[in-house]
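**Student:** Here you go, one structure.
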Amino acid sequence: MAVSSKARVQRKNQANASAHVKRKMLSAHLSDELRAKYGVRSARVCKGDTVIVVRGNEDIRNIEGKVLEVYTKTGRVSIEGITINQADGTATERPIHASNLVITKLNTEDAWRMDSLSKNKEAKE
């Protein structure tokens, strides 16, 4: 299947992608320590991971927090401590795109996830 160079076609393909493809779009880079430990550059962002915002507005950049929720449909993540005020004054979580994050600590509760990360390291050695 050919990949289009047109921006609108790429946006359409991303918006209409199936769930298992959108899941892969929710990956972020690992920190240098985790990259050396697991031998992979990036991993999927999961609830419970600790991340740091590396791109975005100055008010949210360099903030580190735990992932509260992952929105697969929009490709965004909500992080504790990062909120935005609504028109009525109430504060809600501000969704941030997964590509603007760096994972600093992985949620190790999922055994399948940790097994797949360690398999990648073994395969490269």
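Naming scheme: A, B, ... for chains in displayed order of the structure tokens; residues 1 onward per chain; ligands 1 onward as shown.
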Pick out the residues sitting within 7 Å of stretch 91-96 of chain A, and hand them over as a short mmCIF file (atom, residue, chain, number, x, y, z; two decimals) with N, CA and C atoms, in the first residue's frame; count only C-alpha atoms, and ignore anything fewer than 3 positions along from it in its own chain.

**Tutor:**
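Heads up, here's the output in result26.cif:
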```
data_model
loop_
_atom_site.label_atom_id
_atom_site.label_comp_id
_atom_site.auth_asym_id
_atom_site.auth_seq_id
_atom_site.Cartn_x
_atom_site.Cartn_y
_atom_site.Cartn_z
N ARG A 76 -3.88 11.20 22.72
CA ARG A 76 -3.42 12.10 23.76
C ARG A 76 -3.46 11.44 25.14
N VAL A 77 -2.79 12.07 26.10
CA VAL A 77 -2.60 11.52 27.43
C VAL A 77 -2.88 12.62 28.45
N SER A 78 -3.54 12.28 29.56
CA SER A 78 -3.70 13.26 30.64
C SER A 78 -2.73 12.91 31.76
N ILE A 82 -1.23 18.68 35.47
CA ILE A 82 -1.35 19.54 34.30
C ILE A 82 -2.84 19.71 34.01
N THR A 83 -3.35 20.89 34.31
CA THR A 83 -4.76 21.17 34.13
C THR A 83 -4.94 22.42 33.28
N ILE A 84 -6.16 22.60 32.80
CA ILE A 84 -6.53 23.79 32.04
C ILE A 84 -7.88 24.26 32.58
N ASN A 85 -8.05 25.57 32.65
CA ASN A 85 -9.31 26.11 33.16
C ASN A 85 -10.34 26.18 32.06
N GLN A 86 -11.57 25.72 32.38
CA GLN A 86 -12.67 25.80 31.44
C GLN A 86 -13.31 27.18 31.54
#
```

**Student:** Skipping near chain neighbours, those fewer than 3 positions away, what residues fall within 9 Å of A:Gly65 using only C-alpha atoms, listed as a PyMOL selection string?

**Tutor:** chain A and resi 49-53+68+79-82

**Student:** So which residues touch A:Ala123 within 12 Å, counting only C-alpha atoms, skipping near sequence neighbours fewer than 5 positions away, as a PDB file with C-alpha atoms, in the first residue's frame?

**Tutor:**
```pdb
ATOM      1  CA  TYR A  38      15.669  -2.288  27.709  1.00  0.00           C
ATOM      2  CA  GLY A  39      17.495  -1.686  24.423  1.00  0.00           C
ATOM      3  CA  VAL A  40      14.557   0.053  22.729  1.00  0.00           C
ATOM      4  CA  SER A 116       8.040  -7.997  25.562  1.00  0.00           C
ATOM      5  CA  LEU A 117      10.463  -5.175  26.481  1.00  0.00           C
ATOM      6  CA  SER A 118      13.035  -7.645  27.846  1.00  0.00           C
TER       7      SER A 118
END
```

**Student:** Write out as a ChimeraX atom specification which residues come within 10 Å of A:Val45 when counting only C-alpha atoms, dropping same-chain ones fewer than 4 positions away.

**Tutor:** /A:23-30,49-51,67,69-70,76-77,98-99,101-103,106-107

**Student:** Give me, as an MDAnalysis selection string, all polymer residues having an atom no more than 10 Å from A:Thr108, counting only C-alpha atoms and skipping those fewer than 5 positions away in the same chain.

**Tutor:** chainID A and resid 48:49 113:115

**Student:** Just write the chosen residues, N, CA, C and O atoms, as a PDB file, in the first residue's frame.

**Tutor:**
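Result file is result.pdb:
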```
ATOM      1  N   GLY A  48      -0.236   4.929  34.560  1.00  0.00           N
ATOM      2  CA  GLY A  48       0.672   4.595  35.647  1.00  0.00           C
ATOM      3  C   GLY A  48       2.126   4.902  35.344  1.00  0.00           C
ATOM      4  O   GLY A  48       2.957   4.919  36.252  1.00  0.00           O
ATOM      5  N   ASP A  49       2.476   5.136  34.074  1.00  0.00           N
ATOM      6  CA  ASP A  49       3.839   5.526  33.712  1.00  0.00           C
ATOM      7  C   ASP A  49       4.121   6.934  34.232  1.00  0.00           C
ATOM      8  O   ASP A  49       3.216   7.760  34.341  1.00  0.00           O
ATOM      9  N   ARG A 113       3.814  -6.736  29.144  1.00  0.00           N
ATOM     10  CA  ARG A 113       4.546  -5.575  28.628  1.00  0.00           C
ATOM     11  C   ARG A 113       6.027  -5.671  28.990  1.00  0.00           C
ATOM     12  O   ARG A 113       6.898  -5.452  28.145  1.00  0.00           O
ATOM     13  N   MET A 114       6.324  -6.000  30.241  1.00  0.00           N
ATOM     14  CA  MET A 114       7.714  -6.091  30.680  1.00  0.00           C
ATOM     15  C   MET A 114       8.421  -7.258  29.990  1.00  0.00           C
ATOM     16  O   MET A 114       9.606  -7.171  29.661  1.00  0.00           O
ATOM     17  N   ASP A 115       7.695  -8.342  29.750  1.00  0.00           N
ATOM     18  CA  ASP A 115       8.265  -9.494  29.062  1.00  0.00           C
ATOM     19  C   ASP A 115       8.637  -9.130  27.621  1.00  0.00           C
ATOM     20  O   ASP A 115       9.700  -9.507  27.132  1.00  0.00           O
TER      21      ASP A 115
END
```

**Student:** Give the helix (DSSP H, G or I) residues of chain A, as DSSP finds them on the backbone, and put them as a ChimeraX atom specification.

**Tutor:** /A:7-15,19-24,32-38,98-100,111-124

**Student:** Between atom CA of A:Ala2 and atom CA of A:Ala17, what is the spacing in Å?

**Tutor:**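 Distance between the two atoms: 15.2 Å.
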
**Student:** For the atom pair atom CA of A:Ser4 and atom CA of A:Thr72, what is the interatomic distance in Å to one decimal place?

**Tutor:**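 Going from atom CA of A:Ser4 over to atom CA of A:Thr72, I get 23.1 Å.
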
**Student:** One decimal, in Å: what's the spacing between atom CA of A:Gln10 and atom CA of A:Glu58?

**Tutor:** 28.6 Å
